[in-house]
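Novice: upload23.cif is the file, holding mmCIF, C-alpha atoms; chains and numbers go by the auth columns:
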data_upload
loop_
_atom_site.group_PDB
_atom_site.id
_atom_site.type_symbol
_atom_site.label_atom_id
_atom_site.label_comp_id
_atom_site.label_asym_id
_atom_site.label_seq_id
_atom_site.Cartn_x
_atom_site.Cartn_y
_atom_site.Cartn_z
_atom_site.B_iso_or_equiv
_atom_site.auth_seq_id
_atom_site.auth_asym_id
ATOM 1 C CA MET A 1 -2.280 -11.385 -32.741 0.00 1 A
ATOM 2 C CA LYS A 2 -4.317 -11.105 -35.931 0.00 2 A
ATOM 3 C CA VAL A 3 -7.670 -12.875 -35.699 0.00 3 A
ATOM 4 C CA GLY A 4 -10.368 -13.347 -38.307 0.00 4 A
ATOM 5 C CA VAL A 5 -13.959 -14.006 -37.282 0.00 5 A
ATOM 6 C CA PHE A 6 -16.471 -15.327 -39.812 0.00 6 A
ATOM 7 C CA SER A 7 -20.273 -15.247 -39.659 0.00 7 A
ATOM 8 C CA GLY A 8 -22.818 -16.277 -42.255 0.00 8 A
ATOM 9 C CA SER A 9 -26.082 -15.841 -40.352 0.00 9 A
ATOM 10 C CA ARG A 10 -27.932 -13.721 -37.793 0.00 10 A
ATOM 11 C CA SER A 11 -28.013 -16.598 -35.286 0.00 11 A
ATOM 12 C CA GLU A 12 -24.205 -16.930 -35.436 0.00 12 A
ATOM 13 C CA TYR A 13 -23.763 -13.201 -35.033 0.00 13 A
ATOM 14 C CA GLY A 14 -26.007 -13.176 -31.973 0.00 14 A
ATOM 15 C CA LEU A 15 -23.728 -15.715 -30.323 0.00 15 A
ATOM 16 C CA LEU A 16 -20.533 -13.980 -31.501 0.00 16 A
ATOM 17 C CA LYS A 17 -21.481 -10.365 -30.746 0.00 17 A
ATOM 18 C CA GLU A 18 -20.078 -10.105 -27.206 0.00 18 A
ATOM 19 C CA LEU A 19 -16.891 -11.953 -28.186 0.00 19 A
ATOM 20 C CA LEU A 20 -16.434 -9.588 -31.131 0.00 20 A
ATOM 21 C CA LYS A 21 -16.832 -6.538 -28.883 0.00 21 A
ATOM 22 C CA LEU A 22 -14.194 -7.927 -26.503 0.00 22 A
ATOM 23 C CA LEU A 23 -11.786 -8.748 -29.321 0.00 23 A
ATOM 24 C CA PHE A 24 -12.169 -5.307 -30.925 0.00 24 A
ATOM 25 C CA LYS A 25 -11.638 -3.628 -27.553 0.00 25 A
ATOM 26 C CA ASP A 26 -8.502 -5.613 -26.611 0.00 26 A
ATOM 27 C CA THR A 27 -5.344 -4.064 -28.097 0.00 27 A
ATOM 28 C CA PHE A 28 -3.558 -7.447 -28.136 0.00 28 A
ATOM 29 C CA PHE A 29 -5.876 -8.558 -30.944 0.00 29 A
ATOM 30 C CA LYS A 30 -6.120 -7.123 -34.437 0.00 30 A
ATOM 31 C CA THR A 31 -9.564 -8.431 -35.374 0.00 31 A
ATOM 32 C CA ASP A 32 -11.208 -8.609 -38.787 0.00 32 A
ATOM 33 C CA PHE A 33 -14.866 -9.538 -39.158 0.00 33 A
ATOM 34 C CA ILE A 34 -15.875 -11.372 -42.337 0.00 34 A
ATOM 35 C CA VAL A 35 -19.552 -11.798 -43.240 0.00 35 A
ATOM 36 C CA SER A 36 -21.485 -13.686 -45.868 0.00 36 A
ATOM 37 C CA GLY A 37 -24.653 -15.703 -46.327 0.00 37 A
ATOM 38 C CA SER A 38 -27.935 -14.392 -45.027 0.00 38 A
ATOM 39 C CA HIS A 39 -26.309 -11.278 -43.509 0.00 39 A
ATOM 40 C CA LEU A 40 -26.168 -9.831 -47.021 0.00 40 A
ATOM 41 C CA SER A 41 -29.496 -11.142 -48.317 0.00 41 A
ATOM 42 C CA LYS A 42 -32.633 -9.055 -48.586 0.00 42 A
ATOM 43 C CA LYS A 43 -34.634 -12.312 -48.563 0.00 43 A
ATOM 44 C CA TYR A 44 -33.295 -13.128 -45.075 0.00 44 A
ATOM 45 C CA GLY A 45 -33.539 -9.656 -43.567 0.00 45 A
ATOM 46 C CA LEU A 46 -30.153 -8.035 -44.330 0.00 46 A
ATOM 47 C CA SER A 47 -28.842 -8.609 -40.801 0.00 47 A
ATOM 48 C CA VAL A 48 -25.677 -6.782 -41.836 0.00 48 A
ATOM 49 C CA LYS A 49 -27.609 -3.659 -40.780 0.00 49 A
ATOM 50 C CA GLU A 50 -27.739 -4.978 -37.195 0.00 50 A
ATOM 51 C CA ILE A 51 -23.971 -5.531 -37.254 0.00 51 A
ATOM 52 C CA LEU A 52 -23.332 -1.985 -38.463 0.00 52 A
ATOM 53 C CA GLU A 53 -25.810 -0.590 -35.893 0.00 53 A
ATOM 54 C CA ASP A 54 -23.753 -2.373 -33.220 0.00 54 A
ATOM 55 C CA LYS A 55 -20.721 -0.470 -34.577 0.00 55 A
ATOM 56 C CA ILE A 56 -18.910 -3.685 -35.495 0.00 56 A
ATOM 57 C CA SER A 57 -16.649 -3.016 -38.470 0.00 57 A
ATOM 58 C CA ILE A 58 -16.705 -5.471 -41.346 0.00 58 A
ATOM 59 C CA LYS A 59 -13.458 -6.194 -43.184 0.00 59 A
ATOM 60 C CA LYS A 60 -14.886 -8.415 -45.944 0.00 60 A
ATOM 61 C CA LYS A 61 -18.343 -9.115 -47.349 0.00 61 A
ATOM 62 C CA ILE A 62 -18.838 -12.197 -49.510 0.00 62 A
ATOM 63 C CA VAL A 63 -22.148 -11.987 -51.349 0.00 63 A
ATOM 64 C CA LEU A 64 -23.898 -15.225 -52.298 0.00 64 A
ATOM 65 C CA ASP A 65 -26.965 -15.859 -54.435 0.00 65 A
ATOM 66 C CA LEU A 66 -29.449 -17.250 -51.900 0.00 66 A
ATOM 67 C CA LYS A 67 -32.579 -17.047 -54.061 0.00 67 A
ATOM 68 C CA LEU A 68 -32.769 -20.841 -54.328 0.00 68 A
ATOM 69 C CA SER A 69 -31.615 -23.572 -51.965 0.00 69 A
ATOM 70 C CA THR A 70 -31.443 -26.660 -54.158 0.00 70 A
ATOM 71 C CA ALA A 71 -28.452 -28.978 -53.772 0.00 71 A
ATOM 72 C CA PHE A 72 -27.008 -27.428 -56.941 0.00 72 A
ATOM 73 C CA ASP A 73 -27.366 -23.896 -55.522 0.00 73 A
ATOM 74 C CA VAL A 74 -25.810 -24.826 -52.170 0.00 74 A
ATOM 75 C CA CYS A 75 -22.836 -26.445 -53.951 0.00 75 A
ATOM 76 C CA ARG A 76 -22.449 -23.383 -56.183 0.00 76 A
ATOM 77 C CA ASN A 77 -22.500 -21.059 -53.154 0.00 77 A
ATOM 78 C CA PHE A 78 -20.072 -23.345 -51.314 0.00 78 A
ATOM 79 C CA SER A 79 -17.642 -23.111 -54.245 0.00 79 A
ATOM 80 C CA ASN A 80 -18.063 -19.346 -54.510 0.00 80 A
ATOM 81 C CA ILE A 81 -17.409 -18.651 -50.846 0.00 81 A
ATOM 82 C CA ASN A 82 -14.490 -21.095 -50.756 0.00 82 A
ATOM 83 C CA SER A 83 -12.873 -19.437 -53.773 0.00 83 A
ATOM 84 C CA LYS A 84 -13.460 -15.876 -52.560 0.00 84 A
ATOM 85 C CA ILE A 85 -12.233 -16.515 -49.017 0.00 85 A
ATOM 86 C CA ASN A 86 -9.168 -18.336 -50.350 0.00 86 A
ATOM 87 C CA LYS A 87 -8.305 -15.271 -52.424 0.00 87 A
ATOM 88 C CA PHE A 88 -8.897 -13.076 -49.368 0.00 88 A
ATOM 89 C CA PHE A 89 -6.595 -15.267 -47.230 0.00 89 A
ATOM 90 C CA LYS A 90 -3.841 -14.821 -49.830 0.00 90 A
ATOM 91 C CA THR A 91 -3.552 -11.135 -48.919 0.00 91 A
ATOM 92 C CA ASN A 92 -4.800 -11.277 -45.309 0.00 92 A
ATOM 93 C CA LYS A 93 -2.730 -13.466 -43.006 0.00 93 A
ATOM 94 C CA TYR A 94 -4.266 -14.595 -39.712 0.00 94 A
ATOM 95 C CA ASP A 95 -2.877 -16.184 -36.578 0.00 95 A
ATOM 96 C CA ALA A 96 -6.311 -17.707 -35.946 0.00 96 A
ATOM 97 C CA LEU A 97 -9.779 -17.847 -37.456 0.00 97 A
ATOM 98 C CA ILE A 98 -12.906 -18.104 -35.311 0.00 98 A
ATOM 99 C CA LEU A 99 -15.876 -20.034 -36.696 0.00 99 A
ATOM 100 C CA LEU A 100 -19.149 -20.803 -34.977 0.00 100 A
ATOM 101 C CA GLY A 101 -21.563 -23.596 -35.606 0.00 101 A
ATOM 102 C CA ASP A 102 -22.677 -25.722 -38.464 0.00 102 A
ATOM 103 C CA ARG A 103 -23.454 -23.962 -41.719 0.00 103 A
ATOM 104 C CA TYR A 104 -22.070 -24.869 -45.134 0.00 104 A
ATOM 105 C CA GLU A 105 -20.707 -21.326 -45.467 0.00 105 A
ATOM 106 C CA SER A 106 -18.549 -21.892 -42.369 0.00 106 A
ATOM 107 C CA LEU A 107 -17.398 -25.255 -43.698 0.00 107 A
ATOM 108 C CA ALA A 108 -16.255 -23.639 -46.958 0.00 108 A
ATOM 109 C CA VAL A 109 -14.291 -21.064 -44.939 0.00 109 A
ATOM 110 C CA ALA A 110 -12.880 -23.787 -42.654 0.00 110 A
ATOM 111 C CA ILE A 111 -11.538 -25.768 -45.615 0.00 111 A
ATOM 112 C CA ALA A 112 -9.822 -22.703 -47.082 0.00 112 A
ATOM 113 C CA ALA A 113 -8.339 -21.788 -43.680 0.00 113 A
ATOM 114 C CA TYR A 114 -7.145 -25.348 -43.099 0.00 114 A
ATOM 115 C CA ILE A 115 -5.408 -25.542 -46.481 0.00 115 A
ATOM 116 C CA ASN A 116 -3.851 -22.106 -45.853 0.00 116 A
ATOM 117 C CA ARG A 117 -2.639 -23.366 -42.455 0.00 117 A
ATOM 118 C CA ILE A 118 -4.640 -20.861 -40.448 0.00 118 A
ATOM 119 C CA PRO A 119 -5.437 -22.314 -37.005 0.00 119 A
ATOM 120 C CA ILE A 120 -9.187 -22.644 -36.556 0.00 120 A
ATOM 121 C CA VAL A 121 -11.090 -21.951 -33.337 0.00 121 A
ATOM 122 C CA HIS A 122 -14.483 -23.696 -33.530 0.00 122 A
ATOM 123 C CA ILE A 123 -17.247 -22.575 -31.197 0.00 123 A
ATOM 124 C CA HIS A 124 -20.386 -24.682 -30.642 0.00 124 A
ATOM 125 C CA GLY A 125 -19.016 -27.912 -32.064 0.00 125 A
ATOM 126 C CA GLY A 126 -20.233 -31.117 -30.512 0.00 126 A
ATOM 127 C CA GLU A 127 -23.937 -30.363 -30.720 0.00 127 A
ATOM 128 C CA LYS A 128 -26.440 -32.572 -32.483 0.00 128 A
ATOM 129 C CA THR A 129 -29.034 -31.650 -35.105 0.00 129 A
ATOM 130 C CA GLU A 130 -31.220 -34.610 -35.934 0.00 130 A
ATOM 131 C CA ASP A 131 -31.797 -35.381 -39.601 0.00 131 A
ATOM 132 C CA SER A 132 -29.920 -32.352 -40.913 0.00 132 A
ATOM 133 C CA LEU A 133 -26.929 -31.781 -43.164 0.00 133 A
ATOM 134 C CA ASP A 134 -25.747 -29.221 -40.597 0.00 134 A
ATOM 135 C CA ASP A 135 -24.724 -32.033 -38.270 0.00 135 A
ATOM 136 C CA ASN A 136 -22.102 -33.263 -40.731 0.00 136 A
ATOM 137 C CA TYR A 137 -20.988 -29.713 -41.569 0.00 137 A
ATOM 138 C CA ARG A 138 -20.391 -29.134 -37.839 0.00 138 A
ATOM 139 C CA HIS A 139 -18.531 -32.413 -37.462 0.00 139 A
ATOM 140 C CA ALA A 140 -16.306 -31.622 -40.469 0.00 140 A
ATOM 141 C CA ILE A 141 -15.536 -28.118 -39.160 0.00 141 A
ATOM 142 C CA SER A 142 -14.544 -29.682 -35.839 0.00 142 A
ATOM 143 C CA LYS A 143 -12.199 -32.090 -37.640 0.00 143 A
ATOM 144 C CA PHE A 144 -10.438 -29.175 -39.365 0.00 144 A
ATOM 145 C CA SER A 145 -10.228 -27.139 -36.144 0.00 145 A
ATOM 146 C CA ASN A 146 -7.312 -26.736 -33.760 0.00 146 A
ATOM 147 C CA PHE A 147 -9.289 -25.420 -30.782 0.00 147 A
ATOM 148 C CA HIS A 148 -12.767 -26.500 -29.693 0.00 148 A
ATOM 149 C CA PHE A 149 -15.286 -24.721 -27.506 0.00 149 A
ATOM 150 C CA VAL A 150 -18.566 -26.588 -27.175 0.00 150 A
ATOM 151 C CA SER A 151 -21.633 -24.813 -25.877 0.00 151 A
ATOM 152 C CA PRO A 152 -22.439 -25.000 -22.151 0.00 152 A
ATOM 153 C CA PHE A 153 -25.758 -26.607 -23.123 0.00 153 A
ATOM 154 C CA THR A 154 -23.910 -29.411 -24.912 0.00 154 A
ATOM 155 C CA ASN A 155 -21.755 -30.054 -21.850 0.00 155 A
ATOM 156 C CA LYS A 156 -24.756 -30.091 -19.503 0.00 156 A
ATOM 157 C CA LYS A 157 -26.694 -32.419 -21.787 0.00 157 A
ATOM 158 C CA ARG A 158 -23.733 -34.807 -21.995 0.00 158 A
ATOM 159 C CA LEU A 159 -23.264 -34.785 -18.237 0.00 159 A
ATOM 160 C CA ILE A 160 -26.923 -35.656 -17.762 0.00 160 A
ATOM 161 C CA GLN A 161 -26.613 -38.481 -20.303 0.00 161 A
ATOM 162 C CA LEU A 162 -23.475 -39.796 -18.573 0.00 162 A
ATOM 163 C CA GLY A 163 -25.247 -39.680 -15.215 0.00 163 A
ATOM 164 C CA GLU A 164 -28.042 -41.873 -16.591 0.00 164 A
ATOM 165 C CA HIS A 165 -25.657 -44.783 -17.213 0.00 165 A
#
Spell out the structure here as structure tokens.

Specialist:
Amino acid sequence: MKVGVFSGSRSEYGLLKELLKLLFKDTFFKTDFIVSGSHLSKKYGLSVKEILEDKISIKKKIVLDLKLSTAFDVCRNFSNINSKINKFFKTNKYDALILLGDRYESLAVAIAAYINRIPIVHIHGGEKTEDSLDDNYRHAISKFSNFHFVSPFTNKKRLIQLGEH
């Protein structure tokens, strides 16, 4: 089974690292790791170095211009990543794509995967970020996804809320 895993930030990678190691180790899976966003930005610490130090191979790097974060710049980066990943999907066919969280980079990848009919596995959907665009990005990614894995924290929080009623 050929699986793509996308990450656009250090926080995502931290949550994906153990899963990536398991996928790379398991011979049933042919796993490709795709990175973008702050992983490749000097301004945000070049966390791609951490990935390489962990001996995780990277199949594709999508560089974005993260110098500014105005609405115009975010839309431009969204378009760039969507276009580049779409081109990448044309020559790299996947049985599933794993996305984590709530960033606009992941949403751009989710839209391209959805249109290319690549089943999406979304990890950490269902959480809530008050007064943030990320909340809607996460919700949209969940809508495009075929498989959903919410965080244990989200489940516990919901159970507590249900118990209060």

Novice: Pick from A:Ile34, A:Leu16, A:Ile120, A:Ile58: nearest to Asp95 in chain A, with all atoms listed in the file counted?

Specialist: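 Smallest distance to Asp95 in chain A is found for A:Ile120.
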
Novice: Name the residues in contact with Ala112 in chain A at a cut-off of 10 Å, using only C-alpha atoms, excluding same-chain residues fewer than 2 positions from it; report them as a list of chain:residue names.

Specialist: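 In the requested format, the answer is A:Ile81, A:Asn82, A:Ser83, A:Lys84, A:Ile85, A:Asn86, A:Lys87, A:Phe88, A:Phe89, A:Ser106, A:Leu107, A:Ala108, A:Val109, A:Ala110, A:Tyr114, A:Ile115, A:Asn116, A:Arg117, A:Ile118.
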
Novice: Selected by the PyMOL selection byres ((chain A and resi 137) around 8) in the shown coordinates: which residues, as a PyMOL selection string?

Specialist: chain A and resi 102-104+107+133-136+138-141

Novice: Give me, as number ranges by chain, all polymer residues having an atom no more than 12 Å from Gly14 in chain A, counting only C-alpha atoms and skipping those fewer than 3 positions away in the same chain.

Specialist: A: 7-11, 17-21, 39, 47-48, 50-51, 54, 100-101

Novice: Skip Ser36 in chain A itself and residues of its chain fewer than 4 positions away, then list as number ranges by chain all residues within 6 Å of it, counting only C-alpha atoms.

Specialist: A: 8, 61-63

Novice: Give me the residues near range 42-46 of chain A as a tab-separated table (two decimals) with C-alpha atoms, in the frame of the given file, where near means some atom within 8 Å (using only C-alpha atoms) and where sequence neighbours in that chain fewer than 4 positions away do not count.

Specialist:
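Ended up saving to around-v3.tsv:
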chain	number	residue	atom	x	y	z
A	38	SER	CA	-27.94	-14.39	-45.03
A	66	LEU	CA	-29.45	-17.25	-51.90
A	67	LYS	CA	-32.58	-17.05	-54.06

Novice: Between A:Thr70, A:Leu64, A:Lys25, A:Asp131, which residue has the minimum interatomic distance to Ser41 in chain A, considering all atoms listed in the file?

Specialist: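 Among A:Thr70, A:Leu64, A:Lys25, A:Asp131, it is A:Leu64 that comes nearest to Ser41 in chain A.
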
Novice: On this structure, the PyMOL selection byres ((chain A and resi 3) around 6) would catch which residues? List them as a VMD selection string, sorted by chain and number.

Specialist: chain A and resid 2 4 31 94 to 97

Novice: Record the distance separating CA of Glu12 in chain A and CA of Leu99 in chain A, expressed in Å with one decimal.

Specialist: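 Computed distance, CA of Glu12 in chain A to CA of Leu99 in chain A, equals 9.0 Å.
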
Novice: May I have the residues within 9 Å of Ile123 in chain A as a ChimeraX atom specification, using all atoms listed in the file and disregarding those fewer than 4 positions away in the same chain?

Specialist: /A:98-101,142,147-151

Novice: Please measure the separation of CA of Pro119 in chain A and CA of Leu52 in chain A, giving the value in Å to one decimal.

Specialist: 27.1 Å

Novice: Mind pulling up the distance from CA of Glu53 in chain A to CA of Val74 in chain A?

Specialist: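 Here the two named atoms are 29.2 Å from each other.
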
Novice: May I ask which of the residues A:Lys59, A:Leu40, A:Phe6, A:Ser132 is the closest one to Asn92 in chain A, counting only C-alpha atoms?

Specialist: A:Lys59

Novice: Report, as lines of an AutoDock Vina configuration file, the centre and edge lengths in Å (one decimal) of the axis-aligned box enclosing every listed atom of range 84-97 of chain A, padded by 3 Å on each side.

Specialist:
center_x = -8.1
center_y = -14.7
center_z = -44.3
size_x = 16.7
size_y = 13.2
size_z = 22.6
